[in-house]
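K.L.:
Sharing entry05.cif below, mmCIF, C-alpha atoms (C1' of nucleotides) and all ligand atoms:
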```
data_work
loop_
_atom_site.label_atom_id
_atom_site.label_comp_id
_atom_site.auth_asym_id
_atom_site.auth_seq_id
_atom_site.Cartn_x
_atom_site.Cartn_y
_atom_site.Cartn_z
CA MET A 1 -42.15 -7.81 4.07
CA SER A 2 -38.51 -7.33 4.85
CA ARG A 3 -37.66 -9.73 7.63
CA LYS A 4 -33.92 -9.31 7.33
CA GLN A 5 -33.39 -7.54 10.64
CA SER A 6 -35.54 -9.88 12.65
CA VAL A 7 -34.07 -12.90 10.91
CA THR A 8 -30.62 -11.68 11.80
CA ASP A 9 -31.71 -11.18 15.38
CA SER A 10 -33.15 -14.63 15.70
CA ASP A 11 -30.09 -16.07 13.97
CA VAL A 12 -27.91 -14.59 16.63
CA GLY A 13 -30.23 -15.90 19.29
CA ASP A 14 -30.32 -19.38 17.75
CA MET A 15 -26.56 -19.41 17.65
CA LEU A 16 -26.47 -18.70 21.36
CA THR A 17 -28.91 -21.48 22.06
CA GLN A 18 -27.10 -23.94 19.83
CA LYS A 19 -23.84 -23.32 21.59
CA GLY A 20 -25.48 -23.78 24.96
CA TYR A 21 -25.43 -20.14 25.98
CA ARG A 22 -28.38 -18.33 27.41
CA ARG A 23 -30.22 -15.90 25.21
CA THR A 24 -29.58 -12.76 27.22
CA ALA A 25 -30.03 -9.21 25.99
CA GLY A 26 -26.38 -8.39 26.57
CA ARG A 27 -24.94 -11.33 24.66
CA MET A 28 -27.46 -10.83 21.87
CA ALA A 29 -26.40 -7.21 21.49
CA LEU A 30 -22.73 -8.16 21.62
CA LEU A 31 -23.13 -10.77 18.90
CA GLU A 32 -25.11 -8.28 16.82
CA ILE A 33 -22.23 -5.84 16.93
CA LEU A 34 -19.64 -8.48 16.18
CA SER A 35 -21.60 -10.13 13.39
CA LYS A 36 -22.19 -6.84 11.62
CA THR A 37 -18.49 -6.07 11.44
CA ARG A 38 -16.15 -7.97 9.20
CA ARG A 39 -12.94 -7.23 11.02
CA PRO A 40 -11.61 -7.71 14.53
CA LEU A 41 -12.95 -5.19 17.06
CA SER A 42 -11.11 -3.98 20.12
CA ILE A 43 -12.89 -3.68 23.44
CA ALA A 44 -12.83 0.09 23.03
CA GLU A 45 -14.51 -0.19 19.63
CA ILE A 46 -17.15 -2.52 20.99
CA ILE A 47 -17.90 -0.12 23.81
CA ARG A 48 -18.20 2.70 21.29
CA LEU A 49 -20.68 0.67 19.24
CA TRP A 50 -22.63 -0.36 22.30
CA LYS A 51 -26.13 1.06 22.36
CA LYS A 52 -27.65 -0.84 25.22
CA ASP A 53 -27.79 0.66 28.70
CA PRO A 54 -24.78 0.55 30.91
CA LEU A 55 -21.94 -1.75 29.98
CA ASP A 56 -19.82 -3.49 32.53
CA GLN A 57 -16.42 -4.33 31.22
CA ALA A 58 -15.98 -7.41 33.36
CA THR A 59 -19.17 -8.83 31.88
CA LEU A 60 -18.01 -7.90 28.40
CA TYR A 61 -14.65 -9.55 28.87
CA ARG A 62 -16.26 -12.66 30.25
CA ALA A 63 -18.70 -12.98 27.37
CA LEU A 64 -15.96 -12.46 24.80
CA GLU A 65 -13.65 -14.97 26.42
CA ASP A 66 -16.57 -17.34 26.65
CA PHE A 67 -17.36 -16.97 22.95
CA ALA A 68 -13.73 -17.30 21.99
CA ARG A 69 -13.35 -20.52 23.96
CA THR A 70 -16.08 -22.22 21.95
CA GLY A 71 -15.07 -20.70 18.64
CA VAL A 72 -18.05 -18.39 18.25
CA VAL A 73 -15.65 -15.51 17.84
CA HIS A 74 -11.94 -15.42 17.24
CA ARG A 75 -9.54 -13.48 19.40
CA SER A 76 -6.55 -11.92 17.77
CA ASP A 77 -3.70 -10.01 19.33
CA LEU A 78 -2.27 -7.74 16.70
CA ASN A 79 0.58 -6.30 18.71
CA THR A 80 -1.43 -3.19 19.40
CA GLY A 81 -1.55 -3.78 23.11
CA THR A 82 -5.19 -4.79 23.26
CA ALA A 83 -7.00 -7.89 22.14
CA ARG A 84 -9.53 -7.84 19.34
CA TYR A 85 -12.51 -10.08 18.74
CA GLU A 86 -14.03 -11.02 15.44
CA TYR A 87 -17.04 -12.96 14.28
CA LEU A 88 -15.93 -15.37 11.60
CA HIS A 89 -19.21 -15.69 9.66
CA GLY A 90 -18.42 -19.34 9.12
CA ARG A 91 -15.29 -18.52 7.17
CA PRO A 92 -12.09 -20.45 7.78
CA HIS A 93 -9.36 -18.68 9.70
CA HIS A 94 -7.63 -15.83 7.97
CA HIS A 95 -5.04 -13.15 8.60
CA HIS A 96 -4.79 -9.42 9.00
CA LEU A 97 -3.10 -6.39 7.67
CA VAL A 98 -2.44 -3.78 10.33
CA CYS A 99 -1.49 -0.18 9.75
CA ALA A 100 1.55 0.62 11.83
CA LYS A 101 0.38 4.18 12.32
CA CYS A 102 -3.36 4.23 12.86
CA GLU A 103 -3.99 0.56 13.62
CA LEU A 104 -6.49 0.20 10.81
CA VAL A 105 -7.14 -3.49 10.37
CA GLU A 106 -8.03 -5.19 7.12
CA ASP A 107 -8.87 -8.85 6.61
CA VAL A 108 -6.54 -10.99 4.51
CA GLU A 109 -8.69 -13.84 3.34
CA VAL A 110 -6.05 -16.07 1.86
CA CYS A 111 -3.83 -18.35 3.87
CA VAL A 112 -0.63 -19.67 2.39
CA ILE A 113 0.70 -21.25 5.51
CA THR A 114 -0.97 -24.61 5.65
CA GLU A 115 1.73 -26.62 3.89
CA ALA A 116 4.47 -24.59 5.51
CA GLN A 117 3.05 -25.53 8.88
CA LYS A 118 3.71 -29.18 8.18
CA LYS A 119 7.29 -28.44 7.27
CA VAL A 120 7.74 -26.46 10.46
CA LEU A 121 6.68 -29.46 12.48
CA GLN A 122 8.96 -31.80 10.56
CA ARG A 123 11.93 -29.57 11.14
CA SER A 124 11.15 -28.96 14.79
CA SER A 125 13.32 -30.62 17.38
CA SER A 126 11.03 -30.46 20.37
CA PHE A 127 7.45 -30.27 19.17
CA THR A 128 5.11 -33.13 18.33
CA ALA A 129 2.20 -31.18 16.92
CA VAL A 130 1.42 -27.85 15.36
CA TYR A 131 -2.22 -26.94 15.50
CA SER A 132 -2.48 -23.35 14.43
CA HIS A 133 -0.64 -20.19 13.58
CA ASN A 134 -0.98 -16.47 13.79
CA LEU A 135 0.09 -14.35 10.88
CA GLU A 136 -0.21 -10.62 10.74
CA PHE A 137 1.18 -8.22 8.19
CA PHE A 138 2.21 -4.69 9.08
CA GLY A 139 2.34 -1.75 6.75
CA LEU A 140 0.76 1.59 6.05
CA CYS A 141 -2.78 2.25 4.95
CA THR A 142 -3.54 4.71 2.18
CA ALA A 143 -4.47 7.51 4.55
CA CYS A 144 -1.42 7.16 6.74
CA SER A 145 1.02 6.86 3.87
CA LYS A 146 0.02 10.33 2.66
CA VAL A 147 1.06 12.08 5.84
CA MET B 148 45.16 -18.43 26.77
CA SER B 149 41.43 -18.73 26.38
CA ARG B 150 40.13 -15.24 25.75
CA LYS B 151 36.67 -16.33 24.72
CA GLN B 152 34.85 -14.93 27.74
CA SER B 153 36.62 -11.63 27.69
CA VAL B 154 36.24 -11.31 23.94
CA THR B 155 32.53 -11.90 24.27
CA ASP B 156 32.37 -9.30 26.99
CA SER B 157 34.19 -6.70 24.98
CA ASP B 158 32.06 -7.55 21.94
CA VAL B 159 28.96 -6.73 23.88
CA GLY B 160 30.57 -3.54 25.11
CA ASP B 161 31.69 -2.57 21.62
CA MET B 162 28.20 -3.12 20.33
CA LEU B 163 26.87 -0.73 22.96
CA THR B 164 29.44 1.88 22.02
CA GLN B 165 28.82 1.48 18.30
CA LYS B 166 25.11 1.99 18.73
CA GLY B 167 25.72 5.09 20.82
CA TYR B 168 24.75 3.58 24.14
CA ARG B 169 26.77 3.95 27.28
CA ARG B 170 28.77 0.99 28.45
CA THR B 171 27.03 0.46 31.78
CA ALA B 172 27.25 -2.66 33.92
CA GLY B 173 23.52 -3.22 33.71
CA ARG B 174 23.21 -3.06 29.95
CA MET B 175 26.34 -5.16 29.54
CA ALA B 176 24.85 -7.86 31.75
CA LEU B 177 21.53 -7.65 29.93
CA LEU B 178 23.14 -8.05 26.54
CA GLU B 179 25.19 -10.95 27.88
CA ILE B 180 22.05 -12.77 28.91
CA LEU B 181 20.27 -12.04 25.63
CA SER B 182 23.20 -12.90 23.42
CA LYS B 183 23.75 -16.24 25.12
CA THR B 184 20.18 -17.36 24.46
CA ARG B 185 18.96 -18.24 21.01
CA ARG B 186 15.28 -17.71 21.59
CA PRO B 187 13.06 -14.88 22.79
CA LEU B 188 13.16 -14.32 26.55
CA SER B 189 10.33 -12.96 28.62
CA ILE B 190 10.97 -10.36 31.26
CA ALA B 191 10.40 -13.02 33.90
CA GLU B 192 13.05 -15.26 32.30
CA ILE B 193 15.52 -12.41 32.11
CA ILE B 194 14.98 -11.63 35.78
CA ARG B 195 15.53 -15.29 36.59
CA LEU B 196 18.82 -15.29 34.67
CA TRP B 197 19.93 -12.03 36.24
CA LYS B 198 22.97 -12.43 38.46
CA LYS B 199 23.84 -8.83 39.13
CA ASP B 200 22.66 -7.11 42.29
CA PRO B 201 19.20 -5.69 42.47
CA LEU B 202 17.19 -5.35 39.29
CA ASP B 203 14.74 -2.59 38.73
CA GLN B 204 12.08 -3.54 36.27
CA ALA B 205 11.55 -0.01 35.01
CA THR B 206 15.22 0.16 34.10
CA LEU B 207 15.02 -3.24 32.48
CA TYR B 208 11.99 -2.30 30.42
CA ARG B 209 13.62 0.93 29.34
CA ALA B 210 16.82 -0.76 28.24
CA LEU B 211 14.93 -3.41 26.30
CA GLU B 212 12.68 -0.91 24.59
CA ASP B 213 15.77 1.13 23.83
CA PHE B 214 17.55 -1.84 22.28
CA ALA B 215 14.47 -2.85 20.33
CA ARG B 216 14.07 0.62 18.88
CA THR B 217 17.52 0.50 17.31
CA GLY B 218 17.29 -3.13 16.28
CA VAL B 219 19.82 -4.50 18.75
CA VAL B 220 17.20 -6.93 19.96
CA HIS B 221 13.87 -7.95 18.52
CA ARG B 222 10.66 -7.81 20.46
CA SER B 223 8.06 -10.45 19.81
CA ASP B 224 4.59 -10.82 21.26
CA LEU B 225 3.64 -14.45 21.12
CA ASN B 226 0.10 -14.17 22.45
CA THR B 227 1.30 -15.30 25.85
CA GLY B 228 0.43 -12.02 27.48
CA THR B 229 3.98 -10.81 27.93
CA ALA B 230 6.52 -9.50 25.48
CA ARG B 231 9.72 -11.37 24.74
CA TYR B 232 13.07 -10.04 23.64
CA GLU B 233 15.62 -11.82 21.52
CA TYR B 234 19.11 -11.10 20.33
CA LEU B 235 19.24 -11.86 16.61
CA HIS B 236 22.95 -12.70 16.28
CA GLY B 237 22.91 -11.00 12.92
CA ARG B 238 20.39 -13.44 11.53
CA PRO B 239 17.49 -12.24 9.41
CA HIS B 240 14.06 -12.26 10.99
CA HIS B 241 12.49 -15.60 11.71
CA HIS B 242 9.45 -17.11 13.36
CA HIS B 243 8.53 -19.12 16.40
CA LEU B 244 6.85 -22.25 17.52
CA VAL B 245 5.04 -21.86 20.81
CA CYS B 246 3.76 -24.66 23.03
CA ALA B 247 0.15 -23.96 23.85
CA LYS B 248 0.55 -25.56 27.26
CA CYS B 249 3.91 -24.61 28.73
CA GLU B 250 4.84 -21.72 26.45
CA LEU B 251 8.08 -23.33 25.41
CA VAL B 252 9.39 -21.32 22.48
CA GLU B 253 11.47 -22.70 19.63
CA ASP B 254 12.97 -20.74 16.76
CA VAL B 255 11.73 -21.42 13.24
CA GLU B 256 14.55 -20.27 11.03
CA VAL B 257 12.84 -20.46 7.67
CA CYS B 258 10.49 -17.81 6.37
CA VAL B 259 8.10 -18.65 3.57
CA ILE B 260 6.15 -15.46 3.67
CA THR B 261 8.20 -13.05 1.62
CA GLU B 262 6.49 -13.62 -1.71
CA ALA B 263 3.11 -14.00 -0.06
CA GLN B 264 3.58 -10.59 1.50
CA LYS B 265 3.72 -9.00 -1.94
CA LYS B 266 0.50 -10.73 -2.93
CA VAL B 267 -1.18 -9.51 0.21
CA LEU B 268 -0.34 -5.95 -0.70
CA GLN B 269 -1.55 -6.38 -4.27
CA ARG B 270 -4.86 -7.74 -3.10
CA SER B 271 -5.33 -5.15 -0.38
CA SER B 272 -7.90 -2.45 -0.91
CA SER B 273 -6.68 0.13 1.55
CA PHE B 274 -2.98 -0.37 2.12
CA THR B 275 -0.09 1.06 0.14
CA ALA B 276 2.78 -0.76 1.76
CA VAL B 277 3.51 -3.89 3.74
CA TYR B 278 6.76 -3.75 5.62
CA SER B 279 6.80 -6.74 7.89
CA HIS B 280 4.87 -9.60 9.33
CA ASN B 281 4.56 -11.67 12.44
CA LEU B 282 4.09 -15.38 12.17
CA GLU B 283 3.84 -17.73 15.08
CA PHE B 284 2.95 -21.38 15.13
CA PHE B 285 1.17 -22.97 18.06
CA GLY B 286 1.29 -26.61 19.03
CA LEU B 287 2.46 -28.96 21.73
CA CYS B 288 6.02 -29.70 22.71
CA THR B 289 7.19 -33.23 23.34
CA ALA B 290 6.92 -32.94 27.10
CA CYS B 291 3.45 -31.46 27.11
CA SER B 292 2.05 -33.88 24.56
CA LYS B 293 2.82 -36.77 26.91
CA VAL B 294 0.62 -35.46 29.67
"C1'" DA C 295 -44.35 -21.81 40.04
"C1'" DC C 296 -39.65 -23.96 41.29
"C1'" DA C 297 -35.06 -25.28 41.10
"C1'" DC C 298 -30.77 -24.97 38.99
"C1'" DT C 299 -27.14 -22.48 37.38
"C1'" DA C 300 -25.46 -19.22 33.73
"C1'" DA C 301 -24.83 -14.58 33.47
"C1'" DT C 302 -24.56 -10.03 35.46
"C1'" DG C 303 -22.91 -5.99 38.21
"C1'" DC C 304 -20.06 -3.98 41.26
"C1'" DG C 305 -15.71 -3.23 43.33
"C1'" DA C 306 -11.37 -4.49 44.09
"C1'" DA C 307 -7.24 -7.06 42.64
"C1'" DT C 308 -3.70 -8.41 39.47
"C1'" DC C 309 -0.42 -8.08 35.82
"C1'" DA C 310 2.42 -6.00 32.47
"C1'" DT C 311 4.19 -1.84 31.24
"C1'" DT C 312 5.00 3.20 31.66
"C1'" DC C 313 5.86 7.76 33.83
"C1'" DG C 314 7.97 11.50 36.80
"C1'" DC C 315 11.77 13.02 38.79
"C1'" DA C 316 15.67 13.34 41.52
"C1'" DA C 317 20.18 10.92 41.94
"C1'" DT C 318 24.19 8.58 39.44
"C1'" DA C 319 27.62 7.94 36.48
"C1'" DA C 320 29.38 7.43 31.46
"C1'" DA C 321 31.36 10.15 27.88
"C1'" DA C 322 33.18 14.32 26.31
"C1'" DC C 323 35.47 18.59 27.02
"C1'" DC C 324 38.91 21.99 29.32
"C1'" DG D 325 42.47 15.74 36.95
"C1'" DG D 326 38.46 18.42 37.21
"C1'" DT D 327 34.13 19.94 34.97
"C1'" DT D 328 30.13 19.75 32.02
"C1'" DT D 329 26.73 17.25 29.56
"C1'" DT D 330 23.38 14.05 29.28
"C1'" DA D 331 22.25 8.98 29.25
"C1'" DT D 332 21.02 5.88 32.57
"C1'" DT D 333 19.44 4.44 36.94
"C1'" DG D 334 16.33 3.83 41.07
"C1'" DC D 335 12.44 4.50 43.34
"C1'" DG D 336 7.58 5.09 43.72
"C1'" DA D 337 3.57 5.88 41.81
"C1'" DA D 338 0.44 5.79 37.72
"C1'" DT D 339 -1.62 3.64 33.88
"C1'" DG D 340 -4.23 0.36 31.13
"C1'" DA D 341 -5.87 -4.03 30.12
"C1'" DT D 342 -7.67 -7.91 31.99
"C1'" DT D 343 -9.27 -10.83 35.83
"C1'" DC D 344 -11.37 -12.18 40.38
"C1'" DG D 345 -14.73 -12.61 44.29
"C1'" DC D 346 -19.14 -12.67 45.45
"C1'" DA D 347 -23.71 -11.52 46.06
"C1'" DT D 348 -27.67 -10.73 42.83
"C1'" DT D 349 -30.38 -11.40 38.76
"C1'" DA D 350 -32.54 -13.84 35.30
"C1'" DG D 351 -32.73 -17.75 31.56
"C1'" DT D 352 -34.01 -22.66 31.06
"C1'" DG D 353 -35.93 -26.94 31.94
"C1'" DT D 354 -39.12 -29.35 35.14
ZN ZN E 401 -10.34 -10.86 10.30
ZN ZN E 402 -3.33 -19.09 8.11
ZN ZN E 403 13.58 -16.40 17.65
ZN ZN E 404 8.89 -14.12 7.94
#
```
Now that the file is in, can you turn its structure into structure tokens?
Ligand SMILES: [Zn+2]
Ligand SMILES: [Zn+2]
Ligand SMILES: [Zn+2]
Ligand SMILES: [Zn+2]
P.N.:
Amino acid sequence: MSRKQSVTDSDVGDMLTQKGYRRTAGRMALLEILSKTRRPLSIAEIIRLWKKDPLDQATLYRALEDFARTGVVHRSDLNTGTARYEYLHGRPHHHHLVCAKCELVEDVEVCVITEAQKKVLQRSSSFTAVYSHNLEFFGLCTACSKV
Amino acid sequence: MSRKQSVTDSDVGDMLTQKGYRRTAGRMALLEILSKTRRPLSIAEIIRLWKKDPLDQATLYRALEDFARTGVVHRSDLNTGTARYEYLHGRPHHHHLVCAKCELVEDVEVCVITEAQKKVLQRSSSFTAVYSHNLEFFGLCTACSKV
DNA sequence: ACACTAATGCGAATCATTCGCAATAAAACC
DNA sequence: GGTTTTATTGCGAATGATTCGCATTAGTGT
């Protein structure tokens, strides 16, 4: 009776079709991994979670960049040297809390920047539009603060 | 009568001495370039502004990392793929406005995050401290918005 | 089944940044 | 001044992340 898994699978597939992508095994698996994780994943983490056969990193990079370009996933650079990709689950954009020691990443759902962004534009001398912002917080997670 | 240039020079040298660095021609020239520019400079920009003889990028990277570690300059990663370094002129930290097309960078002097940062920590489930944040705004500069 | 083209796989290339190590040259010491 | 100590340099080579070129494979629509 439980159709949850298959529904999820077909959801991911439908999403691919809707966005004009082809429903390939690789991109299905990639979206599965991303959609099951509610935080940005690095390439290394994705590779670790990868269960399908071989995995070519060029293909992986291309799929991720492809998804990011159409907003299917969001790419964030958290000053850790490598990009991370996150499935947004339909949520609006949000921010992150990054442990300076172990690079643990936690989602920060609230955004307090929207009005400030308008002020930034007003005060700017050489910009005519501000479309978006990146905001990351850095600190120590519980585990790392004990050491 | 005008001692401005020489005073600036010796200031930069004094700063090196105070921080325990050696007063070398290279690091003097580097600090000159950084201190004369009120926005973060990429390595490529620094090389372009470099007037001294040859310039070894390993040496440059090491000096910049060295300066950043002791707070002489601030390193910022603005999602442009390359790090930028900025002399703070004693100012508190601030944020940036980045043109999505040409990567023009403008300083945003105000910071509206301080109180929000406390809230983020309170709401966090796995962090015990938040020390800092990065905030960058992305938009279009006047020149790029005309095209 | 066929045509069209997105997506893949492979290797090699590129780009930013870092490393190893011997050579230099400040700063400190006699 | 001459000597020691050690930061800094210079060079080349390594690393690591990301991208490119191109032939091959495989969805999708007809
Ligand atoms: Zn997130
Ligand atoms: Zn926001
Ligand atoms: Zn700045
Ligand atoms: Zn701030």
K.L.:
Select the residues contacting ligand ZN 403 (chain E) at a distance of at most 10 Å, based on only C-alpha atoms (C1' of nucleotides) and all ligand atoms, then format the selection as a PDB file with C-alpha atoms, keeping the file's coordinate frame.
P.N.:
```
ATOM      1  CA  THR B 184      20.180 -17.360  24.460  1.00  0.00           C
ATOM      2  CA  ARG B 185      18.960 -18.240  21.010  1.00  0.00           C
ATOM      3  CA  ARG B 186      15.280 -17.710  21.590  1.00  0.00           C
ATOM      4  CA  PRO B 187      13.060 -14.880  22.790  1.00  0.00           C
ATOM      5  CA  LEU B 188      13.160 -14.320  26.550  1.00  0.00           C
ATOM      6  CA  HIS B 221      13.870  -7.950  18.520  1.00  0.00           C
ATOM      7  CA  ARG B 222      10.660  -7.810  20.460  1.00  0.00           C
ATOM      8  CA  SER B 223       8.060 -10.450  19.810  1.00  0.00           C
ATOM      9  CA  ARG B 231       9.720 -11.370  24.740  1.00  0.00           C
ATOM     10  CA  TYR B 232      13.070 -10.040  23.640  1.00  0.00           C
ATOM     11  CA  GLU B 233      15.620 -11.820  21.520  1.00  0.00           C
ATOM     12  CA  TYR B 234      19.110 -11.100  20.330  1.00  0.00           C
ATOM     13  CA  LEU B 235      19.240 -11.860  16.610  1.00  0.00           C
ATOM     14  CA  ARG B 238      20.390 -13.440  11.530  1.00  0.00           C
ATOM     15  CA  HIS B 240      14.060 -12.260  10.990  1.00  0.00           C
ATOM     16  CA  HIS B 241      12.490 -15.600  11.710  1.00  0.00           C
ATOM     17  CA  HIS B 242       9.450 -17.110  13.360  1.00  0.00           C
ATOM     18  CA  HIS B 243       8.530 -19.120  16.400  1.00  0.00           C
ATOM     19  CA  LEU B 244       6.850 -22.250  17.520  1.00  0.00           C
ATOM     20  CA  VAL B 252       9.390 -21.320  22.480  1.00  0.00           C
ATOM     21  CA  GLU B 253      11.470 -22.700  19.630  1.00  0.00           C
ATOM     22  CA  ASP B 254      12.970 -20.740  16.760  1.00  0.00           C
ATOM     23  CA  VAL B 255      11.730 -21.420  13.240  1.00  0.00           C
ATOM     24  CA  GLU B 256      14.550 -20.270  11.030  1.00  0.00           C
TER      25      GLU B 256
END
```
K.L.:
Just how far from CA of Lys19 (chain A) is CA of Val72 (chain A), in Å to one decimal?
P.N.:
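Here the two named atoms are 8.3 Å from each other.
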K.L.:
What are the residues of chain D lining chain A at 12 Å or less? Count only C-alpha atoms (C1' of nucleotides), and put the answer as a PyMOL selection string.
P.N.:
chain D and resi 340-344+349-352
K.L.:
Write to file, as a PDB file, keeping the file's coordinate frame, the residues of the selection just made, with C-alpha atoms (C1' of nucleotides).
P.N.:
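This is the output file again_25.pdb:
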```pdb
ATOM      1  C1'  DG D 340      -4.230   0.360  31.130  1.00  0.00           C
ATOM      2  C1'  DA D 341      -5.870  -4.030  30.120  1.00  0.00           C
ATOM      3  C1'  DT D 342      -7.670  -7.910  31.990  1.00  0.00           C
ATOM      4  C1'  DT D 343      -9.270 -10.830  35.830  1.00  0.00           C
ATOM      5  C1'  DC D 344     -11.370 -12.180  40.380  1.00  0.00           C
ATOM      6  C1'  DT D 349     -30.380 -11.400  38.760  1.00  0.00           C
ATOM      7  C1'  DA D 350     -32.540 -13.840  35.300  1.00  0.00           C
ATOM      8  C1'  DG D 351     -32.730 -17.750  31.560  1.00  0.00           C
ATOM      9  C1'  DT D 352     -34.010 -22.660  31.060  1.00  0.00           C
TER      10       DT D 352
END
```
K.L.:
Given a cut-off of 12 Å, which residues of chain C touch chain B, counting all atoms listed in the file, written out as a list in words?
P.N.:
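Contact residues on the first chain: DC309, DA310, DT311, DT312, DC313, DT318, DA319, DA320 and DA321 of chain C.
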K.L.:
Just to confirm, what's the straight-line distance from CA of Val220 (chain B) to CA of Leu177 (chain B) in Å (one decimal)?
P.N.:
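Between these atoms lies a distance of 10.9 Å.
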K.L.:
Which residues sit within 12 Å of ligand ZN 404 (chain E), counting all atoms listed in the file, listed as a count of residues only?
P.N.:
30
K.L.:
Here is a test: counting all atoms listed in the file, which residue of A:Gly26, A:Gly90, A:Gly20, A:Pro54 is nearest to ligand ZN 401 (chain E)?
P.N.:
A:Gly90
K.L.:
From the set A:Val147, A:Leu140, A:Leu64, A:Leu31, which residue has the shortest atom-to-atom contact distance to chain B, counting only C-alpha atoms?
P.N.:
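Of all the options, A:Leu140 lies closest to chain B.
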K.L.:
Between CA of Thr59 (chain A) and C1' of DT302 (chain C), what is the spacing in Å?
P.N.:
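Here the two named atoms are 6.6 Å from each other.
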K.L.:
Let me make sure I understand: among A:Ser10, A:Gln18, A:Asn79, A:Gln122, which one has the smallest atom-to-atom distance to chain B if we use all atoms listed in the file?
P.N.:
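Going through A:Ser10, A:Gln18, A:Asn79, A:Gln122 one by one, the smallest distance to chain B is for A:Asn79.
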K.L.:
Smallest atom-to-atom distance to chain B: which of A:Ala25, A:Ile47, A:Cys99, A:Ala68, using only C-alpha atoms?
P.N.:
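When distances to chain B are compared using only C-alpha atoms, the smallest one comes from A:Cys99.
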K.L.:
Of the candidates B:Ile193, B:Leu268, B:Arg216, B:Ala276, which one gets nearest to chain A if we count only C-alpha atoms?
P.N.:
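Closest candidate: B:Ala276.
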K.L.:
For a quick check of understanding, using all atoms listed in the file, which of A:Val120, A:Leu78, A:Cys141, A:Ala63 has the smallest distance to DA300 (chain C)?
P.N.:
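That would be A:Ala63, the residue with the smallest distance to DA300 (chain C).
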K.L.:
When you look at DC335 (chain D) with a cut-off of 10 Å (counting all atoms listed in the file), what residues show up, excluding the ones that are within fewer than 6 positions of it in the same chain? I need them as a list of chain:residue names.
P.N.:
B:Asp203, B:Ala205, C:DC315, C:DA316
